[in-house]
file work_34.txt (compact mmCIF, N, CA and C atoms)
# COMPACT_ATOMS: atom_id res chain seq x y z
N MET A 1 -23.08 -77.65 -116.08
CA MET A 1 -22.16 -76.55 -116.21
C MET A 1 -21.27 -76.52 -114.97
N ASP A 2 -20.06 -75.98 -115.13
CA ASP A 2 -19.14 -75.87 -114.01
C ASP A 2 -19.64 -74.87 -112.98
N ASP A 3 -19.47 -75.20 -111.71
CA ASP A 3 -19.84 -74.29 -110.62
C ASP A 3 -18.80 -73.16 -110.58
N PRO A 4 -19.22 -71.92 -110.82
CA PRO A 4 -18.25 -70.82 -110.84
C PRO A 4 -17.66 -70.53 -109.46
N ASN A 5 -18.28 -71.01 -108.39
CA ASN A 5 -17.77 -70.77 -107.04
C ASN A 5 -16.82 -71.88 -106.55
N ASP A 6 -16.71 -72.96 -107.34
CA ASP A 6 -15.84 -74.07 -106.95
C ASP A 6 -14.40 -73.71 -107.30
N GLN A 7 -13.49 -73.93 -106.34
CA GLN A 7 -12.08 -73.61 -106.57
C GLN A 7 -11.22 -74.84 -106.29
N LYS A 8 -10.14 -74.96 -107.05
CA LYS A 8 -9.20 -76.06 -106.86
C LYS A 8 -8.54 -75.90 -105.49
N PRO A 9 -8.48 -76.98 -104.69
CA PRO A 9 -7.83 -76.89 -103.39
C PRO A 9 -6.34 -76.54 -103.54
N GLY A 10 -5.82 -75.78 -102.59
CA GLY A 10 -4.42 -75.41 -102.62
C GLY A 10 -3.53 -76.64 -102.57
N GLY A 11 -2.48 -76.66 -103.36
CA GLY A 11 -1.55 -77.77 -103.39
C GLY A 11 -2.02 -78.97 -104.19
N TYR A 12 -3.17 -78.87 -104.84
CA TYR A 12 -3.72 -80.01 -105.57
C TYR A 12 -2.76 -80.48 -106.66
N ASN A 13 -2.11 -79.54 -107.33
CA ASN A 13 -1.19 -79.90 -108.42
C ASN A 13 0.09 -80.53 -107.91
N ASN A 14 0.36 -80.48 -106.61
CA ASN A 14 1.59 -81.03 -106.05
C ASN A 14 1.44 -82.47 -105.58
N ILE A 15 0.28 -83.08 -105.75
CA ILE A 15 0.05 -84.46 -105.33
C ILE A 15 0.43 -85.37 -106.49
N PRO A 16 1.50 -86.19 -106.31
CA PRO A 16 1.92 -87.06 -107.41
C PRO A 16 0.98 -88.26 -107.58
N GLU A 17 0.90 -88.74 -108.82
CA GLU A 17 0.05 -89.90 -109.12
C GLU A 17 0.67 -91.18 -108.54
N ASP A 18 1.99 -91.29 -108.61
CA ASP A 18 2.71 -92.45 -108.09
C ASP A 18 3.73 -91.99 -107.07
N ILE A 19 3.99 -92.85 -106.08
CA ILE A 19 4.99 -92.55 -105.05
C ILE A 19 5.89 -93.77 -104.86
N PRO A 20 7.11 -93.57 -104.34
CA PRO A 20 7.97 -94.72 -104.06
C PRO A 20 7.32 -95.60 -102.97
N ASP A 21 7.43 -96.91 -103.15
CA ASP A 21 6.87 -97.85 -102.18
C ASP A 21 7.64 -97.74 -100.86
N PRO A 22 6.98 -97.30 -99.78
CA PRO A 22 7.68 -97.13 -98.51
C PRO A 22 8.10 -98.46 -97.87
N ASP A 23 7.47 -99.56 -98.28
CA ASP A 23 7.79 -100.87 -97.72
C ASP A 23 8.86 -101.62 -98.50
N ALA A 24 9.28 -101.06 -99.64
CA ALA A 24 10.28 -101.74 -100.47
C ALA A 24 11.64 -101.65 -99.82
N ALA A 25 12.41 -102.71 -99.97
CA ALA A 25 13.77 -102.74 -99.41
C ALA A 25 14.74 -103.21 -100.49
N LYS A 26 15.91 -102.67 -100.43
CA LYS A 26 16.96 -103.04 -101.37
C LYS A 26 17.36 -104.50 -101.10
N ARG A 27 17.41 -105.31 -102.16
CA ARG A 27 17.78 -106.71 -102.01
C ARG A 27 19.23 -106.82 -101.54
N ASP A 28 19.51 -107.88 -100.80
CA ASP A 28 20.86 -108.09 -100.28
C ASP A 28 21.88 -108.30 -101.40
N ASP A 29 21.43 -108.89 -102.51
CA ASP A 29 22.36 -109.16 -103.60
C ASP A 29 22.45 -108.01 -104.61
N TRP A 30 21.85 -106.87 -104.30
CA TRP A 30 21.91 -105.71 -105.19
C TRP A 30 23.29 -105.07 -105.11
N ASP A 31 23.90 -104.86 -106.25
CA ASP A 31 25.22 -104.25 -106.33
C ASP A 31 25.09 -102.96 -107.14
N ASP A 32 25.25 -101.82 -106.47
CA ASP A 32 25.09 -100.53 -107.15
C ASP A 32 26.03 -100.40 -108.35
N GLU A 33 27.21 -100.98 -108.24
CA GLU A 33 28.18 -100.86 -109.33
C GLU A 33 27.73 -101.65 -110.56
N ASP A 34 27.19 -102.86 -110.33
CA ASP A 34 26.75 -103.70 -111.45
C ASP A 34 25.31 -103.40 -111.87
N ASP A 35 24.44 -103.18 -110.89
CA ASP A 35 23.01 -103.05 -111.17
C ASP A 35 22.54 -101.60 -111.30
N GLY A 36 23.38 -100.66 -110.94
CA GLY A 36 22.97 -99.25 -110.95
C GLY A 36 22.39 -98.86 -109.61
N GLU A 37 22.15 -97.58 -109.45
CA GLU A 37 21.60 -97.09 -108.19
C GLU A 37 20.21 -97.68 -107.97
N TRP A 38 19.98 -98.22 -106.77
CA TRP A 38 18.69 -98.83 -106.47
C TRP A 38 17.64 -97.74 -106.23
N GLU A 39 16.48 -97.95 -106.81
CA GLU A 39 15.33 -97.06 -106.60
C GLU A 39 14.15 -97.94 -106.23
N PRO A 40 13.38 -97.54 -105.24
CA PRO A 40 12.21 -98.36 -104.87
C PRO A 40 11.17 -98.33 -105.99
N PRO A 41 10.39 -99.41 -106.12
CA PRO A 41 9.33 -99.41 -107.13
C PRO A 41 8.28 -98.36 -106.79
N MET A 42 7.59 -97.90 -107.81
CA MET A 42 6.55 -96.90 -107.62
C MET A 42 5.20 -97.60 -107.43
N ILE A 43 4.38 -97.03 -106.57
CA ILE A 43 3.03 -97.54 -106.32
C ILE A 43 2.04 -96.39 -106.48
N ASP A 44 0.76 -96.73 -106.64
CA ASP A 44 -0.28 -95.71 -106.76
C ASP A 44 -0.36 -94.90 -105.46
N ASN A 45 -0.53 -93.61 -105.60
CA ASN A 45 -0.70 -92.72 -104.45
C ASN A 45 -2.19 -92.63 -104.14
N LEU A 46 -2.59 -93.09 -102.97
CA LEU A 46 -4.01 -93.10 -102.60
C LEU A 46 -4.56 -91.68 -102.41
N ASP A 47 -3.68 -90.69 -102.22
CA ASP A 47 -4.14 -89.31 -102.06
C ASP A 47 -4.41 -88.65 -103.41
N TYR A 48 -3.94 -89.26 -104.50
CA TYR A 48 -4.15 -88.68 -105.83
C TYR A 48 -5.56 -89.03 -106.30
N LYS A 49 -6.33 -88.02 -106.63
CA LYS A 49 -7.73 -88.22 -107.03
C LYS A 49 -7.97 -87.97 -108.51
N GLY A 50 -6.92 -87.86 -109.29
CA GLY A 50 -7.05 -87.61 -110.72
C GLY A 50 -7.06 -86.12 -111.00
N PRO A 51 -7.17 -85.75 -112.27
CA PRO A 51 -7.19 -84.33 -112.62
C PRO A 51 -8.38 -83.63 -111.94
N TRP A 52 -8.14 -82.40 -111.48
CA TRP A 52 -9.19 -81.67 -110.80
C TRP A 52 -10.24 -81.22 -111.81
N LYS A 53 -11.49 -81.35 -111.41
CA LYS A 53 -12.62 -80.88 -112.23
C LYS A 53 -13.57 -80.12 -111.32
N ALA A 54 -14.08 -79.02 -111.81
CA ALA A 54 -15.05 -78.24 -111.04
C ALA A 54 -16.33 -79.04 -110.86
N LYS A 55 -17.00 -78.83 -109.73
CA LYS A 55 -18.29 -79.47 -109.49
C LYS A 55 -19.28 -78.99 -110.55
N GLN A 56 -20.22 -79.83 -110.87
CA GLN A 56 -21.23 -79.50 -111.86
C GLN A 56 -22.52 -79.06 -111.17
N ILE A 57 -23.13 -78.04 -111.72
CA ILE A 57 -24.41 -77.56 -111.20
C ILE A 57 -25.38 -77.43 -112.38
N ALA A 58 -26.66 -77.36 -112.07
CA ALA A 58 -27.65 -77.15 -113.12
C ALA A 58 -27.53 -75.72 -113.62
N ASN A 59 -27.75 -75.55 -114.90
CA ASN A 59 -27.68 -74.21 -115.51
C ASN A 59 -28.92 -73.43 -115.09
N PRO A 60 -28.74 -72.36 -114.29
CA PRO A 60 -29.90 -71.60 -113.81
C PRO A 60 -30.63 -70.85 -114.92
N ASP A 61 -29.98 -70.65 -116.06
CA ASP A 61 -30.61 -69.93 -117.17
C ASP A 61 -31.37 -70.85 -118.12
N TYR A 62 -31.26 -72.16 -117.91
CA TYR A 62 -31.93 -73.10 -118.80
C TYR A 62 -33.42 -73.11 -118.51
N LYS A 63 -34.24 -72.88 -119.52
CA LYS A 63 -35.70 -72.81 -119.36
C LYS A 63 -36.40 -74.08 -119.84
N GLY A 64 -35.67 -74.99 -120.48
CA GLY A 64 -36.26 -76.23 -120.96
C GLY A 64 -36.84 -76.07 -122.36
N PRO A 65 -37.30 -77.20 -122.92
CA PRO A 65 -37.85 -77.14 -124.30
C PRO A 65 -39.19 -76.45 -124.36
call {"tool": "encode", "arguments": {"input": "work_34.txt", "output": "structure tokens"}}
result
Amino acid sequence: MDDPNDQKPGGYNNIPEDIPDPDAAKRDDWDDEDDGEWEPPMIDNLDYKGPWKAKQIANPDYKGP
């Protein structure tokens, strides 16, 4: 069962799954007029931990079979 005391950390929903690659560079032969506006490729964000889920605890009311 979900732990009723567990709360989602503040700002958790603001962490993107993918981020622009900070090491990517625009190629020398890239022409914005012909190729369009350059955008860096996206990479996985190591800070993204997936959808938030409450910690699980044993059900204190469960008495067993």
call {"tool": "closest_residue", "arguments": {"input": "work_34.txt", "among": "A:Ala58, A:Ile15, A:Met1, A:Ala24", "to": "Pro41 of chain A", "atoms": "all atoms listed in the file"}}
result
A:Ala24
call {"tool": "select_by_dssp", "arguments": {"input": "work_34.txt", "residues": "segment 25-64 of chain A", "states": "helix (DSSP H, G or I)", "output": "PyMOL selection string"}}
result
chain A and resi 32-35
call {"tool": "closest_residue", "arguments": {"input": "work_34.txt", "among": "A:Gln56, A:Pro9, A:Gly64, A:Glu39", "to": "Ala25 of chain A", "atoms": "all atoms listed in the file"}}
result
A:Glu39
call {"tool": "closest_residue", "arguments": {"input": "work_34.txt", "among": "A:Asp31, A:Pro40, A:Ile19, A:Lys55", "to": "Asp3 of chain A", "atoms": "all atoms listed in the file"}}
result
A:Lys55
call {"tool": "atom_distance", "arguments": {"input": "work_34.txt", "atom1": "atom CA of Asp44 of chain A", "atom2": "atom CA of Lys26 of chain A"}}
result
19.5 Å
call {"tool": "atom_distance", "arguments": {"input": "work_34.txt", "atom1": "atom N of Asp18 of chain A", "atom2": "atom C of Pro51 of chain A"}}
result
13.3 Å
call {"tool": "atom_distance", "arguments": {"input": "work_34.txt", "atom1": "atom N of Asp6 of chain A", "atom2": "atom CA of Pro65 of chain A"}}
result
27.4 Å
call {"tool": "select_by_dssp", "arguments": {"input": "work_34.txt", "residues": "chain A", "states": "strand (DSSP E)", "output": "ChimeraX atom specification"}}
result
/A:18-20,42-44
call {"tool": "axis_aligned_box", "arguments": {"input": "work_34.txt", "around": "segment 6-23 of chain A", "padding_each_side": "5 Å", "output": "AutoDock Vina command-line options"}}
result
--center_x -3.9 --center_y -87.3 --center_z -103.4 --size_x 35.6 --size_y 38.7 --size_z 21.4
call {"tool": "closest_residue", "arguments": {"input": "work_34.txt", "among": "A:Trp30, A:Glu37, A:Ile43, A:Lys53", "to": "Gln7 of chain A", "atoms": "only N, CA and C atoms"}}
result
A:Lys53
call {"tool": "closest_residue", "arguments": {"input": "work_34.txt", "among": "A:Pro16, A:Asp32, A:Lys8, A:Asp2", "to": "Leu46 of chain A", "atoms": "all atoms listed in the file"}}
result
A:Pro16
